[in-house]
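Below is model36.txt, holding compact mmCIF, C-alpha atoms.
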# COMPACT_ATOMS: atom_id res chain seq x y z
CA MET A 278 -106.50 181.48 -183.82
CA THR A 279 -106.42 184.20 -181.19
CA ASP A 280 -103.33 185.10 -179.18
CA TRP A 281 -103.78 182.19 -176.76
CA SER A 282 -101.57 182.20 -173.67
CA VAL A 283 -101.17 180.48 -170.31
CA GLU A 284 -103.76 182.88 -168.87
CA ASP A 285 -106.32 181.28 -171.20
CA MET A 286 -105.81 177.78 -169.81
CA PRO A 287 -108.96 176.32 -168.23
CA SER A 288 -108.86 175.13 -164.64
CA MET A 289 -107.16 171.78 -164.24
CA ASP A 290 -108.15 171.25 -160.62
CA GLY A 291 -108.33 167.52 -159.93
CA LYS A 292 -106.47 166.64 -163.15
CA ARG A 293 -103.37 164.49 -163.17
CA VAL A 294 -100.71 165.10 -165.80
CA VAL A 295 -97.47 163.27 -166.66
CA VAL A 296 -94.76 165.34 -168.36
CA THR A 297 -91.53 163.75 -169.57
CA GLY A 298 -88.43 165.92 -169.49
CA ALA A 299 -90.16 168.09 -166.89
CA ASN A 300 -87.05 169.52 -165.27
CA SER A 301 -85.90 171.82 -168.08
CA GLY A 302 -86.93 173.82 -171.13
CA VAL A 303 -90.40 173.33 -172.57
CA GLY A 304 -91.13 170.52 -170.11
CA PHE A 305 -90.30 172.74 -167.14
CA GLU A 306 -92.42 175.61 -168.42
CA GLY A 307 -95.28 173.26 -169.23
CA THR A 308 -95.09 171.73 -165.76
CA ARG A 309 -95.19 175.17 -164.15
CA ALA A 310 -98.26 176.13 -166.21
CA PHE A 311 -100.10 172.88 -165.46
CA ALA A 312 -99.38 173.30 -161.75
CA GLY A 313 -100.51 176.91 -161.88
CA ALA A 314 -103.82 175.77 -163.36
CA GLY A 315 -104.31 173.36 -160.46
CA ALA A 316 -103.15 170.03 -161.89
CA THR A 317 -101.12 167.43 -160.07
CA VAL A 318 -98.05 166.96 -162.25
CA VAL A 319 -95.90 163.84 -162.28
CA MET A 320 -92.49 165.07 -163.36
CA ALA A 321 -90.79 162.28 -165.31
CA CYS A 322 -87.08 163.11 -165.23
CA ARG A 323 -83.95 161.20 -166.18
CA SER A 324 -82.30 162.65 -163.07
CA ALA A 325 -84.47 162.72 -159.94
CA GLU A 326 -82.00 165.18 -158.37
CA ARG A 327 -82.42 167.69 -161.21
CA GLY A 328 -86.14 167.05 -161.10
CA GLU A 329 -86.31 167.94 -157.40
CA ARG A 330 -84.36 171.16 -158.00
CA ALA A 331 -86.78 172.10 -160.77
CA ALA A 332 -89.75 171.25 -158.56
CA ASP A 333 -88.43 173.49 -155.80
CA GLU A 334 -88.13 176.35 -158.30
CA ILE A 335 -91.69 175.82 -159.49
CA ARG A 336 -93.02 175.70 -155.91
CA GLU A 337 -91.45 179.11 -155.29
CA ALA A 338 -93.31 180.50 -158.30
CA VAL A 339 -96.52 178.53 -157.70
CA PRO A 340 -97.19 178.17 -153.97
CA GLY A 341 -99.00 174.92 -153.24
CA ALA A 342 -97.98 173.36 -156.55
CA ALA A 343 -98.75 169.63 -156.52
CA LEU A 344 -95.63 168.02 -157.97
CA ASP A 345 -94.49 164.40 -157.91
CA VAL A 346 -90.92 163.93 -159.10
CA ARG A 347 -90.06 160.45 -160.39
CA ARG A 348 -87.12 159.04 -162.27
CA CYS A 349 -87.83 157.95 -165.84
CA ASP A 350 -84.94 157.33 -168.22
CA LEU A 351 -86.40 157.02 -171.70
CA ALA A 352 -83.12 155.49 -172.87
CA ASP A 353 -83.78 152.45 -170.65
CA LEU A 354 -86.97 150.43 -171.14
CA ASP A 355 -86.68 148.94 -167.66
CA SER A 356 -86.75 152.44 -166.21
CA VAL A 357 -89.76 153.32 -168.35
CA ARG A 358 -91.59 150.19 -167.22
CA ASP A 359 -90.83 150.84 -163.55
CA PHE A 360 -91.88 154.47 -163.79
CA ALA A 361 -95.19 153.55 -165.41
CA ALA A 362 -95.85 150.84 -162.83
CA GLY A 363 -95.27 153.40 -160.08
CA VAL A 364 -97.68 155.87 -161.67
CA ARG A 365 -100.36 153.21 -162.09
CA GLY A 366 -99.87 152.12 -158.50
CA THR A 367 -100.32 155.66 -157.17
CA TYR A 368 -102.94 157.22 -159.42
CA ASP A 369 -106.32 155.76 -160.32
CA GLU A 370 -106.83 158.44 -162.97
CA LEU A 371 -104.56 160.03 -165.56
CA HIS A 372 -105.86 162.87 -167.69
CA VAL A 373 -102.87 163.94 -169.79
CA LEU A 374 -99.62 162.32 -170.89
CA CYS A 375 -97.15 164.75 -172.46
CA ASN A 376 -94.49 162.87 -174.42
CA ASN A 377 -92.16 165.84 -174.39
CA ALA A 378 -88.56 164.81 -173.56
CA GLY A 379 -86.01 164.44 -176.29
CA VAL A 380 -82.45 164.69 -177.52
CA MET A 381 -81.34 166.50 -180.66
CA ALA A 382 -78.46 166.09 -183.10
CA VAL A 383 -76.11 164.21 -180.78
CA PRO A 384 -73.18 162.03 -181.89
CA ARG A 385 -74.19 158.44 -182.48
CA SER A 386 -74.64 156.37 -179.34
CA GLU A 387 -76.98 153.65 -178.18
CA THR A 388 -79.52 153.30 -175.42
CA ALA A 389 -79.41 150.62 -172.72
CA ASP A 390 -81.46 148.44 -175.07
CA GLY A 391 -79.20 148.92 -178.09
CA PHE A 392 -81.32 151.48 -179.96
CA GLU A 393 -79.83 154.49 -181.73
CA THR A 394 -80.22 157.13 -179.03
CA GLN A 395 -82.35 159.72 -180.82
CA LEU A 396 -84.83 157.14 -182.07
CA GLY A 397 -84.67 155.30 -178.75
CA VAL A 398 -85.37 158.33 -176.55
CA ASN A 399 -87.57 160.46 -178.77
CA HIS A 400 -89.78 157.71 -180.17
CA LEU A 401 -89.31 154.21 -178.74
CA GLY A 402 -89.14 155.29 -175.10
CA HIS A 403 -92.35 157.26 -175.49
CA PHE A 404 -93.99 154.47 -177.47
CA ALA A 405 -93.32 152.13 -174.55
CA LEU A 406 -94.40 154.66 -171.92
CA THR A 407 -97.68 155.38 -173.69
CA GLY A 408 -98.37 151.66 -174.02
CA HIS A 409 -97.81 151.15 -170.30
CA LEU A 410 -100.12 154.06 -169.35
CA LEU A 411 -102.80 153.93 -172.03
CA GLY A 412 -105.11 151.71 -170.00
CA ARG A 413 -105.10 154.24 -167.16
CA LEU A 414 -105.77 157.12 -169.58
CA VAL A 415 -108.67 155.33 -171.26
CA GLY A 416 -110.09 154.25 -167.91
CA THR A 417 -110.19 157.81 -166.57
CA ALA A 418 -113.60 159.42 -166.33
CA GLY A 419 -114.13 162.22 -168.82
CA GLU A 420 -111.65 163.22 -171.50
CA SER A 421 -107.96 162.30 -171.54
CA ARG A 422 -105.21 163.17 -174.00
CA VAL A 423 -101.87 161.88 -175.20
CA VAL A 424 -99.77 164.80 -176.46
CA THR A 425 -96.63 163.95 -178.43
CA GLN A 426 -93.98 166.59 -179.06
CA SER A 427 -92.48 166.64 -182.55
CA SER A 428 -90.44 169.28 -184.38
CA GLY A 429 -90.39 171.14 -187.66
CA ALA A 430 -87.35 168.96 -188.37
CA HIS A 431 -89.75 166.08 -189.06
CA GLU A 432 -90.08 167.53 -192.56
CA MET A 433 -86.56 166.39 -193.40
CA GLY A 434 -87.11 162.99 -191.79
CA GLU A 435 -87.32 159.62 -193.46
CA VAL A 436 -87.88 156.31 -191.69
CA ASP A 437 -85.16 153.97 -192.95
CA PHE A 438 -86.48 150.52 -192.10
CA GLU A 439 -83.40 148.90 -193.64
CA ASP A 440 -81.11 150.75 -191.21
CA LEU A 441 -83.43 152.05 -188.52
CA HIS A 442 -80.63 152.54 -185.98
CA ARG A 443 -78.30 154.14 -188.52
CA GLU A 444 -75.54 151.60 -188.02
CA GLY A 445 -74.45 151.72 -191.66
CA SER A 446 -74.43 155.50 -192.05
CA TYR A 447 -75.11 158.06 -189.35
CA GLY A 448 -75.93 161.71 -189.74
CA LYS A 449 -77.06 163.37 -186.52
CA TRP A 450 -79.63 165.59 -188.20
CA GLU A 451 -80.96 162.79 -190.39
CA ALA A 452 -81.39 160.63 -187.29
CA TYR A 453 -83.11 163.48 -185.48
CA GLY A 454 -85.48 164.06 -188.40
CA GLN A 455 -86.32 160.36 -188.47
CA SER A 456 -87.15 160.37 -184.75
CA LYS A 457 -89.37 163.45 -185.05
CA LEU A 458 -91.20 162.01 -188.06
CA ALA A 459 -91.66 158.83 -186.01
CA ASN A 460 -93.30 160.92 -183.28
CA LEU A 461 -95.96 162.11 -185.70
CA LEU A 462 -96.48 158.74 -187.36
CA PHE A 463 -97.04 157.32 -183.86
CA ALA A 464 -99.39 160.11 -182.73
CA TYR A 465 -101.62 159.81 -185.79
CA GLU A 466 -101.60 156.01 -185.82
CA LEU A 467 -102.51 155.93 -182.12
CA GLN A 468 -105.51 158.14 -182.87
CA ARG A 469 -106.61 155.88 -185.74
CA ARG A 470 -106.37 152.79 -183.55
CA LEU A 471 -108.27 154.42 -180.71
CA GLU A 472 -111.03 155.35 -183.13
CA GLU A 473 -111.13 151.85 -184.59
CA ALA A 474 -111.51 150.46 -181.07
CA GLY A 475 -114.42 152.80 -180.41
CA VAL A 476 -112.51 154.84 -177.81
CA GLU A 477 -113.85 158.38 -178.01
CA ARG A 478 -112.85 160.10 -174.76
CA THR A 479 -109.10 159.52 -175.10
CA VAL A 480 -107.46 161.32 -178.01
CA SER A 481 -103.95 161.50 -179.43
CA VAL A 482 -102.66 164.86 -180.61
CA ALA A 483 -99.26 166.25 -181.60
CA CYS A 484 -97.43 169.55 -181.35
CA HIS A 485 -94.10 171.26 -181.89
CA PRO A 486 -92.50 174.19 -180.03
CA GLY A 487 -91.11 176.08 -182.98
CA TYR A 488 -87.68 177.53 -182.26
CA ALA A 489 -87.54 177.77 -178.48
CA ASP A 490 -84.52 178.73 -176.43
CA THR A 491 -83.83 175.58 -174.40
CA ASN A 492 -80.91 173.37 -173.41
CA LEU A 493 -81.88 170.95 -176.19
CA GLN A 494 -79.89 172.88 -178.79
CA TYR A 495 -76.70 172.73 -176.73
CA ARG A 496 -76.55 169.00 -176.10
CA GLY A 497 -75.22 168.13 -179.54
CA PRO A 498 -72.33 170.62 -179.45
CA GLU A 499 -71.57 169.66 -175.85
CA ALA A 500 -71.52 165.95 -176.67
CA SER A 501 -69.23 166.49 -179.65
CA GLY A 502 -67.00 168.95 -177.77
CA SER A 503 -67.47 171.67 -180.39
CA ARG A 504 -67.03 175.13 -178.87
CA VAL A 505 -67.64 176.76 -182.25
CA ARG A 506 -71.00 175.03 -182.75
CA TYR A 507 -71.93 175.78 -179.15
CA GLY A 508 -71.17 179.47 -179.65
CA LEU A 509 -73.10 179.65 -182.92
CA MET A 510 -76.09 177.95 -181.33
CA LYS A 511 -76.01 180.41 -178.44
CA VAL A 512 -76.06 183.34 -180.86
CA ALA A 513 -78.90 181.80 -182.86
CA ASN A 514 -80.93 181.17 -179.71
CA THR A 515 -80.42 184.75 -178.58
CA VAL A 516 -81.35 186.31 -181.93
CA PHE A 517 -84.05 184.05 -183.37
CA ALA A 518 -85.58 181.88 -180.65
CA GLN A 519 -88.64 182.56 -178.58
CA SER A 520 -88.60 181.77 -174.88
CA ALA A 521 -89.11 178.24 -173.57
CA ALA A 522 -92.32 179.47 -171.93
CA LYS A 523 -93.71 180.47 -175.32
CA GLY A 524 -92.37 177.27 -176.86
CA ALA A 525 -94.49 175.35 -174.34
CA LEU A 526 -97.74 176.96 -175.51
CA PRO A 527 -98.52 174.49 -178.35
CA MET A 528 -98.13 171.57 -175.91
CA LEU A 529 -100.29 173.32 -173.32
CA TYR A 530 -102.93 174.12 -175.91
CA ALA A 531 -102.99 170.53 -177.17
CA ALA A 532 -103.25 169.26 -173.61
CA ALA A 533 -105.80 171.63 -172.12
CA ALA A 534 -107.64 173.87 -174.59
CA GLU A 535 -111.22 173.30 -175.60
CA GLY A 536 -111.98 172.15 -179.13
CA VAL A 537 -108.87 170.01 -179.59
CA GLU A 538 -109.59 166.90 -181.63
CA GLY A 539 -107.75 163.65 -182.07
CA GLY A 540 -105.12 163.80 -184.81
CA ASP A 541 -104.66 167.57 -184.51
CA TYR A 542 -101.19 169.11 -184.79
CA TYR A 543 -100.34 172.42 -183.13
CA GLY A 544 -97.40 174.75 -183.47
CA PRO A 545 -96.46 178.45 -183.35
CA GLY A 546 -98.40 180.49 -185.88
CA GLY A 547 -95.80 183.19 -186.48
CA LEU A 548 -92.72 183.52 -188.66
CA LEU A 549 -92.04 180.24 -190.51
CA GLY A 550 -93.73 178.33 -187.70
CA MET A 551 -90.84 179.18 -185.39
CA ARG A 552 -92.54 181.55 -182.97
CA GLY A 553 -95.90 183.03 -182.05
CA PRO A 554 -99.14 181.84 -180.47
CA PRO A 555 -100.28 178.25 -181.07
CA GLU A 556 -102.42 177.35 -184.04
CA LYS A 557 -103.62 174.18 -185.73
CA GLN A 558 -101.25 173.18 -188.53
CA GLU A 559 -100.58 170.49 -191.10
CA SER A 560 -97.47 168.34 -190.91
CA SER A 561 -95.60 166.80 -193.86
CA ASP A 562 -97.25 164.40 -196.29
CA ALA A 563 -94.91 161.66 -195.06
CA SER A 564 -96.28 161.99 -191.52
CA TYR A 565 -99.76 160.98 -192.71
CA ASP A 566 -98.59 157.86 -194.59
CA GLU A 567 -100.65 155.09 -193.01
CA GLY A 568 -98.57 152.28 -194.49
CA THR A 569 -95.38 153.65 -192.98
CA ALA A 570 -97.17 154.25 -189.67
CA GLU A 571 -98.46 150.68 -189.50
CA ARG A 572 -95.03 149.28 -190.28
CA LEU A 573 -93.35 151.53 -187.70
CA TRP A 574 -95.94 150.50 -185.11
CA ALA A 575 -95.23 146.81 -185.67
CA VAL A 576 -91.47 147.38 -185.48
CA SER A 577 -91.86 149.48 -182.34
CA GLU A 578 -93.88 146.79 -180.60
CA GLU A 579 -91.26 144.21 -181.53
CA LEU A 580 -88.31 146.34 -180.41
CA THR A 581 -89.83 147.51 -177.11
CA GLY A 582 -91.76 144.36 -176.25
CA VAL A 583 -94.73 146.57 -175.42
CA GLY A 584 -97.98 145.53 -177.06
CA TYR A 585 -101.15 147.61 -177.22
CA ASP A 586 -104.34 145.64 -176.53
CA PHE A 587 -107.00 147.84 -178.10
CA GLU A 588 -109.67 145.15 -177.77
CA ALA A 589 -109.30 145.36 -174.01
CA LEU A 590 -109.63 149.15 -174.21
CA ALA A 591 -112.80 149.11 -176.31
CA PRO A 592 -115.93 150.23 -174.47
CA ARG A 593 -118.30 147.45 -173.44
CA PRO A 594 -121.94 147.50 -174.59
CA ALA A 595 -124.35 148.69 -171.90
Let's see the structure in the file written out as structure tokens.
Amino acid sequence: MTDWSVEDMPSMDGKRVVVTGANSGVGFEGTRAFAGAGATVVMACRSAERGERAADEIREAVPGAALDVRRCDLADLDSVRDFAAGVRGTYDELHVLCNNAGVMAVPRSETADGFETQLGVNHLGHFALTGHLLGRLVGTAGESRVVTQSSGAHEMGEVDFEDLHREGSYGKWEAYGQSKLANLLFAYELQRRLEEAGVERTVSVACHPGYADTNLQYRGPEASGSRVRYGLMKVANTVFAQSAAKGALPMLYAAAAEGVEGGDYYGPGGLLGMRGPPEKQESSDASYDEGTAERLWAVSEELTGVGYDFEALAPRPA
């Protein structure tokens, strides 16, 4: 793949894009790039105040940027439902949903709905959000895409159906790996189900940012109160990480580039997949396990109460 950059993005005039976690890091940089290409971006942020500050910063860099800041707390299914209802009530078309927000390696806690936080935010919140918005995506004229952000950490992940919320034994990195593997299992299973329903113009793709310098790495040390870990992470980010803007490129490529196909996975093509321009990649064998994906899907529907009616999405004969 060539050295693809933001300058290579096609025009997104008239397109409407939802980005979760849009006020910082990869989400912020992705939002700025989408706006610069002409899209209207719905910024889904846990804090509307932080979202507005981020939007003001983007408007300074991109005069005329079309930004719509809305509160969406992925750790609260009621908030997710209300956000999605607001989007559907405002926009008749939705071209891209970027399931980007996440938490990483935090001490064990639970969401408003009693889910282990990393699984609840990274996977279940996005599962519910996508279910609420999929009808709008499929009903949009032309092509639409669901882009789900994973991580190289998915390779160490294992979905423990016997202790999904890690109540018996919790390791913050094991829980993070599980949530990132769940992202990929969901993305690929969504594509299979869209294909089975005969939906061709809406595709599900996945990506990862490599090692990008964002606030994500600091949340774990901050939550645990570890100054040593915080300092080590800061050094690592300074020495090894690429910028958040470059970390956003795989997501932007998956969302906007030509030639992207359902079920694709994009990440940095440089050193150990941690940095460099985006390229198509293969994820772990476990991420393609259809049996695990089907089981996770069923559990996710049960836990979130959000069902996907693919029969209703199927195209009608002419």
Do a neighbour search on stretch 581-585 of chain A at 10 Å with all atoms listed in the file, toss out local chain neighbours closer than 2 positions, and write the hits as JSON, numbers by chain. {"A": [354, 358, 390, 392, 397, 401, 402, 404, 405, 406, 407, 408, 409, 411, 412, 467, 470, 574, 575, 576, 577, 578, 579, 587, 588, 589, 590]}
With distances taken over all atoms listed in the file, which residue among A:Ala343, A:Leu410, A:Val423, A:Ala418 lies nearest A:Asn376? A:Val423
Figure out the distance between atom CA of A:Tyr488 and atom CA of A:Gln519, please, to one decimal in Å. 6.3 Å
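Counting all atoms listed in the file, the residue from A:Met433, A:Leu461, A:Ala570, A:Leu351 that sits nearest to A:Val482 is A:Leu461.
One finds atom CA of A:Ala430 at 6.7 Å from atom CA of A:Lys457.
One distance worth recording is that between atom CA of A:Glu556 and atom CA of A:Tyr530, which is 8.8 Å.
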Tell me which protein, DNA and RNA residues are within 10 Å of A:Pro592, counting only C-alpha atoms, leaving out same-chain ones fewer than 5 positions away, and put them as a PyMOL selection string. chain A and resi 415-416+474-477+587
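When the distance limit is 7 Å and all atoms listed in the file are what count, the residues near stretch 299-312 of chain A, minus those fewer than 3 positions from it on the same chain, are Val283, Val296, Gly315, Ala316, Thr317, Val318, Met320, Ala321, Cys322, Arg327, Gly328, Ala331, Ile335, Ala342, Ala343, Asn377, Thr491, Asn492, Ala521, Ala522, Gly524, Ala525 and Leu529 of chain A.
Among A:Leu462, A:Leu371, A:Ala338, A:Leu344, the residue with the shortest atom-to-atom distance to A:Leu414, counting only C-alpha atoms, is A:Leu371.
Minimum distance to A:Glu435 across A:Met528, A:Pro545, A:Ala332, A:Ser564 (counting all atoms listed in the file) occurs at A:Ser564.
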So which residues touch A:Asp369 within 9 Å, counting only C-alpha atoms, skipping near sequence neighbours fewer than 4 positions away, as a PyMOL selection string? chain A and resi 364-365+413+416-417
Missing atoms in stretch 429-440 of chain A: fill them in up to all heavy atoms and send the result as a PDB file, in the frame of the given file.
ATOM      1  N   GLY A 429     -90.372 170.820-186.243  1.00  0.00           N
ATOM      2  CA  GLY A 429     -90.390 171.140-187.660  1.00  0.00           C
ATOM      3  C   GLY A 429     -89.370 170.325-188.438  1.00  0.00           C
ATOM      4  O   GLY A 429     -89.491 170.143-189.661  1.00  0.00           O
ATOM      5  N   ALA A 430     -88.365 169.791-187.726  1.00  0.00           N
ATOM      6  CA  ALA A 430     -87.350 168.960-188.370  1.00  0.00           C
ATOM      7  C   ALA A 430     -87.914 167.650-188.895  1.00  0.00           C
ATOM      8  O   ALA A 430     -87.231 166.950-189.653  1.00  0.00           O
ATOM      9  CB  ALA A 430     -86.207 168.671-187.393  1.00  0.00           C
ATOM     10  N   HIS A 431     -89.153 167.314-188.527  1.00  0.00           N
ATOM     11  CA  HIS A 431     -89.750 166.080-189.060  1.00  0.00           C
ATOM     12  C   HIS A 431     -89.856 166.144-190.574  1.00  0.00           C
ATOM     13  O   HIS A 431     -89.889 165.108-191.257  1.00  0.00           O
ATOM     14  CB  HIS A 431     -91.129 165.837-188.449  1.00  0.00           C
ATOM     15  CG  HIS A 431     -92.237 166.592-189.138  1.00  0.00           C
ATOM     16  ND1 HIS A 431     -92.583 167.890-188.809  1.00  0.00           N
ATOM     17  CD2 HIS A 431     -93.054 166.240-190.170  1.00  0.00           C
ATOM     18  CE1 HIS A 431     -93.571 168.293-189.595  1.00  0.00           C
ATOM     19  NE2 HIS A 431     -93.887 167.310-190.428  1.00  0.00           N
ATOM     20  N   GLU A 432     -89.901 167.375-191.120  1.00  0.00           N
ATOM     21  CA  GLU A 432     -90.080 167.530-192.560  1.00  0.00           C
ATOM     22  C   GLU A 432     -88.883 167.010-193.349  1.00  0.00           C
ATOM     23  O   GLU A 432     -89.020 166.686-194.527  1.00  0.00           O
ATOM     24  CB  GLU A 432     -90.359 168.993-192.888  1.00  0.00           C
ATOM     25  CG  GLU A 432     -91.670 169.487-192.298  1.00  0.00           C
ATOM     26  CD  GLU A 432     -91.973 170.924-192.661  1.00  0.00           C
ATOM     27  OE1 GLU A 432     -91.152 171.535-193.404  1.00  0.00           O
ATOM     28  OE2 GLU A 432     -93.007 171.443-192.217  1.00  0.00           O
ATOM     29  N   MET A 433     -87.721 166.937-192.714  1.00  0.00           N
ATOM     30  CA  MET A 433     -86.560 166.390-193.400  1.00  0.00           C
ATOM     31  C   MET A 433     -86.348 164.925-193.035  1.00  0.00           C
ATOM     32  O   MET A 433     -85.365 164.306-193.447  1.00  0.00           O
ATOM     33  CB  MET A 433     -85.289 167.185-193.042  1.00  0.00           C
ATOM     34  CG  MET A 433     -84.851 167.052-191.597  1.00  0.00           C
ATOM     35  SD  MET A 433     -83.329 167.979-191.274  1.00  0.00           S
ATOM     36  CE  MET A 433     -83.047 167.561-189.546  1.00  0.00           C
ATOM     37  N   GLY A 434     -87.263 164.355-192.269  1.00  0.00           N
ATOM     38  CA  GLY A 434     -87.110 162.990-191.790  1.00  0.00           C
ATOM     39  C   GLY A 434     -87.557 161.943-192.776  1.00  0.00           C
ATOM     40  O   GLY A 434     -88.424 162.173-193.622  1.00  0.00           O
ATOM     41  N   GLU A 435     -86.946 160.793-192.671  1.00  0.00           N
ATOM     42  CA  GLU A 435     -87.320 159.620-193.460  1.00  0.00           C
ATOM     43  C   GLU A 435     -87.053 158.391-192.600  1.00  0.00           C
ATOM     44  O   GLU A 435     -85.957 158.250-192.039  1.00  0.00           O
ATOM     45  CB  GLU A 435     -86.515 159.539-194.752  1.00  0.00           C
ATOM     46  CG  GLU A 435     -86.846 158.318-195.599  1.00  0.00           C
ATOM     47  CD  GLU A 435     -86.003 158.240-196.861  1.00  0.00           C
ATOM     48  OE1 GLU A 435     -85.221 159.197-197.125  1.00  0.00           O
ATOM     49  OE2 GLU A 435     -86.114 157.226-197.573  1.00  0.00           O
ATOM     50  N   VAL A 436     -88.049 157.520-192.488  1.00  0.00           N
ATOM     51  CA  VAL A 436     -87.880 156.310-191.690  1.00  0.00           C
ATOM     52  C   VAL A 436     -87.183 155.264-192.552  1.00  0.00           C
ATOM     53  O   VAL A 436     -87.754 154.775-193.534  1.00  0.00           O
ATOM     54  CB  VAL A 436     -89.227 155.782-191.169  1.00  0.00           C
ATOM     55  CG1 VAL A 436     -89.002 154.520-190.328  1.00  0.00           C
ATOM     56  CG2 VAL A 436     -89.931 156.837-190.330  1.00  0.00           C
ATOM     57  N   ASP A 437     -85.966 154.931-192.191  1.00  0.00           N
ATOM     58  CA  ASP A 437     -85.160 153.970-192.950  1.00  0.00           C
ATOM     59  C   ASP A 437     -85.285 152.603-192.277  1.00  0.00           C
ATOM     60  O   ASP A 437     -84.517 152.266-191.379  1.00  0.00           O
ATOM     61  CB  ASP A 437     -83.701 154.427-192.984  1.00  0.00           C
ATOM     62  CG  ASP A 437     -82.827 153.521-193.840  1.00  0.00           C
ATOM     63  OD1 ASP A 437     -83.332 152.484-194.341  1.00  0.00           O
ATOM     64  OD2 ASP A 437     -81.635 153.835-194.000  1.00  0.00           O
ATOM     65  N   PHE A 438     -86.247 151.806-192.729  1.00  0.00           N
ATOM     66  CA  PHE A 438     -86.480 150.520-192.100  1.00  0.00           C
ATOM     67  C   PHE A 438     -85.334 149.532-192.339  1.00  0.00           C
ATOM     68  O   PHE A 438     -85.181 148.566-191.593  1.00  0.00           O
ATOM     69  CB  PHE A 438     -87.800 149.917-192.597  1.00  0.00           C
ATOM     70  CG  PHE A 438     -89.018 150.619-192.069  1.00  0.00           C
ATOM     71  CD1 PHE A 438     -89.760 151.458-192.893  1.00  0.00           C
ATOM     72  CD2 PHE A 438     -89.419 150.449-190.757  1.00  0.00           C
ATOM     73  CE1 PHE A 438     -90.888 152.108-192.416  1.00  0.00           C
ATOM     74  CE2 PHE A 438     -90.548 151.102-190.260  1.00  0.00           C
ATOM     75  CZ  PHE A 438     -91.278 151.931-191.092  1.00  0.00           C
ATOM     76  N   GLU A 439     -84.534 149.789-193.364  1.00  0.00           N
ATOM     77  CA  GLU A 439     -83.400 148.900-193.640  1.00  0.00           C
ATOM     78  C   GLU A 439     -82.218 149.188-192.719  1.00  0.00           C
ATOM     79  O   GLU A 439     -81.345 148.342-192.550  1.00  0.00           O
ATOM     80  CB  GLU A 439     -82.972 149.070-195.113  1.00  0.00           C
ATOM     81  CG  GLU A 439     -84.080 148.777-196.111  1.00  0.00           C
ATOM     82  CD  GLU A 439     -84.724 147.419-195.887  1.00  0.00           C
ATOM     83  OE1 GLU A 439     -83.976 146.429-195.717  1.00  0.00           O
ATOM     84  OE2 GLU A 439     -85.977 147.347-195.879  1.00  0.00           O
ATOM     85  N   ASP A 440     -82.185 150.388-192.140  1.00  0.00           N
ATOM     86  CA  ASP A 440     -81.110 150.750-191.210  1.00  0.00           C
ATOM     87  C   ASP A 440     -81.686 151.712-190.178  1.00  0.00           C
ATOM     88  O   ASP A 440     -81.262 152.854-190.044  1.00  0.00           O
ATOM     89  CB  ASP A 440     -79.946 151.403-191.967  1.00  0.00           C
ATOM     90  CG  ASP A 440     -78.707 151.607-191.092  1.00  0.00           C
ATOM     91  OD1 ASP A 440     -78.641 151.004-189.996  1.00  0.00           O
ATOM     92  OD2 ASP A 440     -77.822 152.386-191.491  1.00  0.00           O
TER      93      ASP A 440
END
